[in-house]
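Reviewing the structure listed below.
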Amino acid sequence: MQKTSDINVVETRTLPSPAALLAELPKTEAQADFVVRARRDIHRLIFTDDKRFLLIVGPCSIHDLESGRDYARRLSALAREVSDRVMVVMRVYFEKPRTTVGWKGLIMDPHLDGSHDIAAGLRLARSFLRDVIDLGLPTATEFLDPITPQYMADLVCWGAIGARTTESQTHRQMASGLSMPLGFKNGTDGSLQAAVNAIRAASQPQTFLGINLEGSASAVVTRGNPDCHVVLRGGAAGPNYSPRHIAEVEAALTKAALARSVVVDCSHDNSAKKPELQPDVLRAVLDQVATGNTSIMGAMVESNLVAGNQPFPQPKEKLRRGVSITDGCIDWATTESLIRELHARLAPRFA
């Protein structure tokens, strides 16, 4: 009989079930309590009159666990200093969507050598999330593969669906079952309607194909995620965080009977993909907050120990410590100064 399936499949590797990995690397009661509190706080920032500002900041992606922990320790100390006005959440991104090809993140290629040891990647990702939470830092990540949440979503405080996947039915369905506040980015072309439609879809009950904790194929039935909101990241036509753009977003959310809650991503097309412009974007956003805007409740910034990025792939021993191998970032000194400036500029809101 002629073969009609798996013609282009070279190999399949069995992974541990989510239940097995969660048992191998369990969360403590203290970690669980922290995640619940952080998610509740983020909900309040997004949907109530809590005056604090949500800042989601950190490396574009995690590829070096040691430098990532160094960054987390520094950010944790600073986050405590500014916590009365700013809720700092660390970017802990393990999955990277690629326009064509490239390194797809720590989960998919943890050894940075093309070996694609996904089992090891899942273990490292889960371990790193525990480390960050133990420092008292809430965690944020993008959900790209619909299976990975079963392995680590219990340790994530805020989630994102990226610009390339906001229109995806699979990701909207997945989002409807996630347990944390979650931001949908506008499309890469800058269009907002896809994100609005995604929020509406994700807030509704859904049934879809997935896996359960034992790793068995399952029909997953959800109640819908009520904690979704818009993330503006610019688009092909340029930035979309100006007062005019924010007013358009507010009108679209009101028309769709959705909460007027917006996070501005200071990176990507909002900074013309020039990481050094991110502070200027945040300052422009804060100018709107200072003049009374109440729909902008947070921002995202890509930051690392060292500014810029470095080409990859290249031999691991040649990689510079603390430098991104994906999108360029601002350095730690700039980050620290920017967060302190943010804290100072928010003072009038609490007067």
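Letters A, B, ... mark the chains of the structure tokens in the order given; residue numbers begin at 1 per chain; ligand numbers begin at 1, in order shown.
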Task: Long-range neighbours of stretch 255-267 of chain A as an MDAnalysis selection string, 7 Å cut-off, only C-alpha atoms, 4 positions minimum in chain - done: chainID A and resid 46:47 229:233 241 250:251 271 273 275 278 281:282 295:302
Open item on the list: I need the strand (DSSP E) residues of stretch 66-274 of chain A per DSSP on the backbone, written as a ChimeraX atom specification.
Closed with: /A:86-91,139-142,158-161,182-185,207-211,217-221,228-232,262-265
Output file for the selection above: N, CA and C atoms, as a short mmCIF file (atom, residue, chain, number, x, y, z; two decimals), in the first residue's frame:
data_model
loop_
_atom_site.label_atom_id
_atom_site.label_comp_id
_atom_site.auth_asym_id
_atom_site.auth_seq_id
_atom_site.Cartn_x
_atom_site.Cartn_y
_atom_site.Cartn_z
N VAL A 86 4.20 51.68 40.54
CA VAL A 86 4.45 50.87 39.35
C VAL A 86 4.44 49.39 39.72
N MET A 87 3.68 48.61 38.98
CA MET A 87 3.76 47.16 39.13
C MET A 87 4.66 46.63 38.02
N VAL A 88 5.84 46.17 38.40
CA VAL A 88 6.81 45.68 37.44
C VAL A 88 6.62 44.18 37.25
N VAL A 89 6.50 43.76 36.00
CA VAL A 89 6.36 42.35 35.62
C VAL A 89 7.49 42.03 34.66
N MET A 90 8.19 40.92 34.88
CA MET A 90 9.34 40.60 34.03
C MET A 90 8.94 39.78 32.81
N ARG A 91 9.40 40.23 31.65
CA ARG A 91 9.28 39.44 30.43
C ARG A 91 10.11 38.17 30.58
N THR A 139 5.59 37.17 36.41
CA THR A 139 6.14 36.70 35.14
C THR A 139 5.19 36.99 33.99
N ALA A 140 5.78 37.26 32.82
CA ALA A 140 5.00 37.50 31.61
C ALA A 140 5.62 36.73 30.46
N THR A 141 4.80 36.14 29.61
CA THR A 141 5.33 35.43 28.45
C THR A 141 4.32 35.46 27.31
N GLU A 142 4.81 35.19 26.11
CA GLU A 142 3.94 35.03 24.95
C GLU A 142 3.65 33.55 24.75
N TRP A 158 1.01 37.00 33.56
CA TRP A 158 0.42 37.76 32.46
C TRP A 158 0.87 37.12 31.16
N GLY A 159 -0.04 37.03 30.22
CA GLY A 159 0.30 36.40 28.94
C GLY A 159 0.01 37.31 27.78
N ALA A 160 0.61 36.98 26.63
CA ALA A 160 0.40 37.75 25.40
C ALA A 160 0.16 36.80 24.24
N ILE A 161 -0.65 37.26 23.31
CA ILE A 161 -0.79 36.63 22.01
C ILE A 161 -0.22 37.62 21.00
N LEU A 182 -4.48 38.62 29.86
CA LEU A 182 -3.78 38.34 28.61
C LEU A 182 -4.01 39.47 27.61
N GLY A 183 -2.92 39.90 26.96
CA GLY A 183 -3.01 40.96 25.97
C GLY A 183 -2.92 40.43 24.56
N PHE A 184 -3.80 40.90 23.69
CA PHE A 184 -3.75 40.60 22.26
C PHE A 184 -3.13 41.79 21.55
N LYS A 185 -2.07 41.56 20.78
CA LYS A 185 -1.44 42.63 20.03
C LYS A 185 -2.20 42.90 18.73
N THR A 207 -14.75 25.28 22.51
CA THR A 207 -14.39 23.87 22.53
C THR A 207 -13.42 23.62 21.39
N PHE A 208 -12.30 22.97 21.70
CA PHE A 208 -11.26 22.79 20.68
C PHE A 208 -10.41 21.57 21.01
N LEU A 209 -9.60 21.16 20.03
CA LEU A 209 -8.69 20.04 20.23
C LEU A 209 -7.46 20.47 21.00
N GLY A 210 -7.07 19.68 22.00
CA GLY A 210 -5.87 19.96 22.78
C GLY A 210 -5.40 18.70 23.46
N ILE A 211 -4.56 18.88 24.48
CA ILE A 211 -4.14 17.73 25.29
C ILE A 211 -4.50 18.00 26.74
N ALA A 217 -4.84 13.30 23.71
CA ALA A 217 -5.65 14.18 22.86
C ALA A 217 -7.03 14.32 23.47
N SER A 218 -7.53 15.56 23.54
CA SER A 218 -8.77 15.81 24.27
C SER A 218 -9.57 16.91 23.59
N ALA A 219 -10.86 16.88 23.81
CA ALA A 219 -11.71 18.02 23.48
C ALA A 219 -11.71 18.92 24.71
N VAL A 220 -11.15 20.11 24.56
CA VAL A 220 -11.03 21.05 25.68
C VAL A 220 -12.21 22.01 25.64
N VAL A 221 -12.92 22.11 26.74
CA VAL A 221 -14.08 23.00 26.84
C VAL A 221 -13.75 24.10 27.84
N CYS A 228 -8.94 39.79 29.12
CA CYS A 228 -8.16 40.10 27.92
C CYS A 228 -8.24 41.59 27.59
N HIS A 229 -7.19 42.09 26.95
CA HIS A 229 -7.12 43.50 26.62
C HIS A 229 -6.23 43.69 25.39
N VAL A 230 -6.13 44.95 24.90
CA VAL A 230 -5.39 45.27 23.69
C VAL A 230 -3.96 45.69 24.03
N VAL A 231 -3.01 45.24 23.19
CA VAL A 231 -1.63 45.73 23.25
C VAL A 231 -1.32 46.37 21.90
N LEU A 232 -0.94 47.63 21.93
CA LEU A 232 -0.59 48.36 20.71
C LEU A 232 0.91 48.25 20.47
N VAL A 262 -5.70 49.64 27.70
CA VAL A 262 -4.70 49.56 26.64
C VAL A 262 -3.30 49.48 27.24
N VAL A 263 -2.51 48.56 26.72
CA VAL A 263 -1.08 48.51 27.01
C VAL A 263 -0.34 48.91 25.74
N VAL A 264 0.66 49.77 25.87
CA VAL A 264 1.45 50.21 24.72
C VAL A 264 2.79 49.49 24.74
N ASP A 265 3.08 48.76 23.68
CA ASP A 265 4.38 48.12 23.50
C ASP A 265 5.32 49.16 22.91
#
- [ ] Skip stretch 198-202 of chain A itself and residues of its chain fewer than 5 positions away, then list as a list in words all residues within 7 Å of it, counting only C-alpha atoms.
- [x] Thr166, Glu167, Arg172, Gln173, Ala175, Ser176, Gly224, Asn225, Cys228 and His229 of chain A
Tell me, as a CSV table (one decimal) with N, CA, C and O atoms, in the first residue's frame, which residues lie within 12 Å of A:Pro348, counting only C-alpha atoms; anything in the same chain fewer than 4 positions away does not count.
chain,number,residue,atom,x,y,z
A,51,LYS,N,-4.6,53.0,40.5
A,51,LYS,CA,-3.8,54.0,39.8
A,51,LYS,C,-2.4,53.6,39.4
A,51,LYS,O,-1.7,54.4,38.7
A,52,ARG,N,-2.0,52.4,39.9
A,52,ARG,CA,-0.6,52.0,39.5
A,52,ARG,C,-0.5,51.7,38.0
A,52,ARG,O,-1.5,51.5,37.3
A,85,ARG,N,3.7,52.8,43.0
A,85,ARG,CA,3.2,53.5,41.8
A,85,ARG,C,3.3,52.6,40.6
A,85,ARG,O,2.5,52.9,39.6
A,286,LEU,N,3.4,58.6,28.7
A,286,LEU,CA,3.3,59.2,30.0
A,286,LEU,C,2.7,60.6,29.9
A,286,LEU,O,2.0,61.1,30.8
A,289,VAL,N,-0.9,60.2,29.9
A,289,VAL,CA,-1.4,59.9,31.2
A,289,VAL,C,-1.4,61.1,32.1
A,289,VAL,O,-2.4,61.4,32.8
A,290,ALA,N,-0.4,62.0,31.9
A,290,ALA,CA,-0.3,63.2,32.7
A,290,ALA,C,-1.4,64.2,32.4
A,290,ALA,O,-1.8,65.0,33.3
A,291,THR,N,-1.9,64.1,31.2
A,291,THR,CA,-3.0,65.0,30.8
A,291,THR,C,-4.4,64.4,31.0
A,291,THR,O,-5.4,65.0,30.6
A,292,GLY,N,-4.4,63.3,31.7
A,292,GLY,CA,-5.7,62.7,32.2
A,292,GLY,C,-6.2,61.5,31.5
A,292,GLY,O,-7.3,61.0,31.8
A,342,LEU,N,9.8,56.9,35.4
A,342,LEU,CA,8.4,56.6,35.4
A,342,LEU,C,7.7,56.7,36.7
A,342,LEU,O,6.6,57.3,36.9
A,343,HIS,N,8.4,56.2,37.8
A,343,HIS,CA,7.9,56.3,39.1
A,343,HIS,C,7.7,57.8,39.5
A,343,HIS,O,6.7,58.2,40.1
A,344,ALA,N,8.7,58.6,39.2
A,344,ALA,CA,8.6,60.1,39.6
A,344,ALA,C,7.5,60.8,38.8
A,344,ALA,O,6.7,61.6,39.4
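Take the candidates A:Ile118, A:Val10, A:Leu124, A:Val306 and check each one against A:Lys104 using only C-alpha atoms; the shortest distance goes to A:Ile118.
Comparing A:Ala247, A:Ala272, A:Ile7, A:Ala163 by their smallest distance to A:Lys96, the closest is A:Ala163 (using only C-alpha atoms).
Distances from A:Asp227, A:Thr100, A:Leu106, A:Asn309 to A:Ile42 were compared using only C-alpha atoms, and the smallest one belongs to A:Asp227.
Interatomic distance, atom CA of A:Ala119 against atom CA of A:Leu15: 5.8 Å.
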- [ ] Find, counting only C-alpha atoms, the residue in A:Pro315, A:Pro226, A:Gly322, A:Pro243 that gets nearest to A:Gln288.
- [x] A:Pro243
- [ ] Rank nothing, just name the residue among A:Thr170, A:Ser67, A:Ser61, A:Asn293 nearest to A:Leu305, using only C-alpha atoms.
- [x]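 Smallest separation from A:Leu305 among the options: A:Ser67.
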Task: Closest of A:Gln206, A:Thr294, A:Ser115, A:Gln310 to A:Leu45 - atom-to-atom distances counting only C-alpha atoms - done: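 The answer is A:Thr294, which sits nearest to A:Leu45.
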Task: Residues near A:Ile325, cut-off 12 Å, only C-alpha atoms, skip fewer than 2 positions along chain, as a count of residues only - done: 33
- [ ] Determine which residues of stretch 78-234 of chain A receive a DSSP assignment of helix (DSSP H, G or I), computed from the backbone, and state them as a PyMOL selection string.
- [x] chain A and resi 78-82+118-134+149-155+169-177+193-202
Output of the above residues as a PDB file, in the first residue's frame, restricted to C-alpha atoms:
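To be explicit, this is the file written out as part.pdb:
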ATOM      1  CA  LEU A  78      14.147  47.922  41.767  1.00  0.00           C
ATOM      2  CA  ALA A  79      10.551  46.702  41.532  1.00  0.00           C
ATOM      3  CA  ARG A  80      10.240  46.762  45.309  1.00  0.00           C
ATOM      4  CA  GLU A  81      11.414  50.382  45.396  1.00  0.00           C
ATOM      5  CA  VAL A  82       8.757  51.597  42.948  1.00  0.00           C
ATOM      6  CA  ILE A 118      12.212  20.258  23.550  1.00  0.00           C
ATOM      7  CA  ALA A 119      11.968  18.100  26.680  1.00  0.00           C
ATOM      8  CA  ALA A 120      15.005  19.882  28.134  1.00  0.00           C
ATOM      9  CA  GLY A 121      13.607  23.225  26.981  1.00  0.00           C
ATOM     10  CA  LEU A 122      10.350  22.673  28.835  1.00  0.00           C
ATOM     11  CA  ARG A 123      12.237  21.754  32.007  1.00  0.00           C
ATOM     12  CA  LEU A 124      14.511  24.788  31.789  1.00  0.00           C
ATOM     13  CA  ALA A 125      11.597  27.127  31.110  1.00  0.00           C
ATOM     14  CA  ARG A 126       9.595  25.837  34.053  1.00  0.00           C
ATOM     15  CA  SER A 127      12.621  26.010  36.355  1.00  0.00           C
ATOM     16  CA  PHE A 128      13.374  29.576  35.289  1.00  0.00           C
ATOM     17  CA  LEU A 129       9.796  30.688  35.949  1.00  0.00           C
ATOM     18  CA  ARG A 130      10.060  29.282  39.479  1.00  0.00           C
ATOM     19  CA  ASP A 131      13.319  31.164  40.025  1.00  0.00           C
ATOM     20  CA  VAL A 132      11.805  34.481  38.946  1.00  0.00           C
ATOM     21  CA  ILE A 133       8.722  34.020  41.123  1.00  0.00           C
ATOM     22  CA  ASP A 134      10.928  33.190  44.116  1.00  0.00           C
ATOM     23  CA  PRO A 149       0.649  26.209  28.360  1.00  0.00           C
ATOM     24  CA  GLN A 150      -0.093  22.813  29.867  1.00  0.00           C
ATOM     25  CA  TYR A 151       3.562  22.628  30.927  1.00  0.00           C
ATOM     26  CA  MET A 152       4.072  26.098  32.405  1.00  0.00           C
ATOM     27  CA  ALA A 153       0.985  28.356  32.396  1.00  0.00           C
ATOM     28  CA  ASP A 154       0.446  27.766  36.108  1.00  0.00           C
ATOM     29  CA  LEU A 155       3.583  29.870  36.718  1.00  0.00           C
ATOM     30  CA  GLN A 169      -8.600  30.812  15.727  1.00  0.00           C
ATOM     31  CA  THR A 170      -6.349  28.294  17.470  1.00  0.00           C
ATOM     32  CA  HIS A 171      -4.807  30.997  19.661  1.00  0.00           C
ATOM     33  CA  ARG A 172      -8.117  32.676  20.426  1.00  0.00           C
ATOM     34  CA  GLN A 173      -9.480  29.318  21.559  1.00  0.00           C
ATOM     35  CA  MET A 174      -6.392  28.643  23.657  1.00  0.00           C
ATOM     36  CA  ALA A 175      -6.642  32.105  25.227  1.00  0.00           C
ATOM     37  CA  SER A 176     -10.237  31.428  26.250  1.00  0.00           C
ATOM     38  CA  GLY A 177      -8.980  28.738  28.602  1.00  0.00           C
ATOM     39  CA  GLN A 193      -9.925  45.125  14.571  1.00  0.00           C
ATOM     40  CA  ALA A 194      -8.211  41.727  14.715  1.00  0.00           C
ATOM     41  CA  ALA A 195      -7.272  42.326  18.353  1.00  0.00           C
ATOM     42  CA  VAL A 196     -10.786  43.524  19.216  1.00  0.00           C
ATOM     43  CA  ASN A 197     -12.286  40.448  17.556  1.00  0.00           C
ATOM     44  CA  ALA A 198      -9.785  38.235  19.369  1.00  0.00           C
ATOM     45  CA  ILE A 199     -10.763  39.633  22.763  1.00  0.00           C
ATOM     46  CA  ARG A 200     -14.425  39.034  22.009  1.00  0.00           C
ATOM     47  CA  ALA A 201     -13.731  35.456  20.887  1.00  0.00           C
ATOM     48  CA  ALA A 202     -11.445  34.631  23.813  1.00  0.00           C
TER      49      ALA A 202
END
- [ ] Mind giving me the straight-line distance from atom CA of A:Leu55 to atom CA of A:Ile339 in Å, one decimal?
- [x]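 We find that atom CA of A:Leu55 and atom CA of A:Ile339 lie 8.7 Å from each other.
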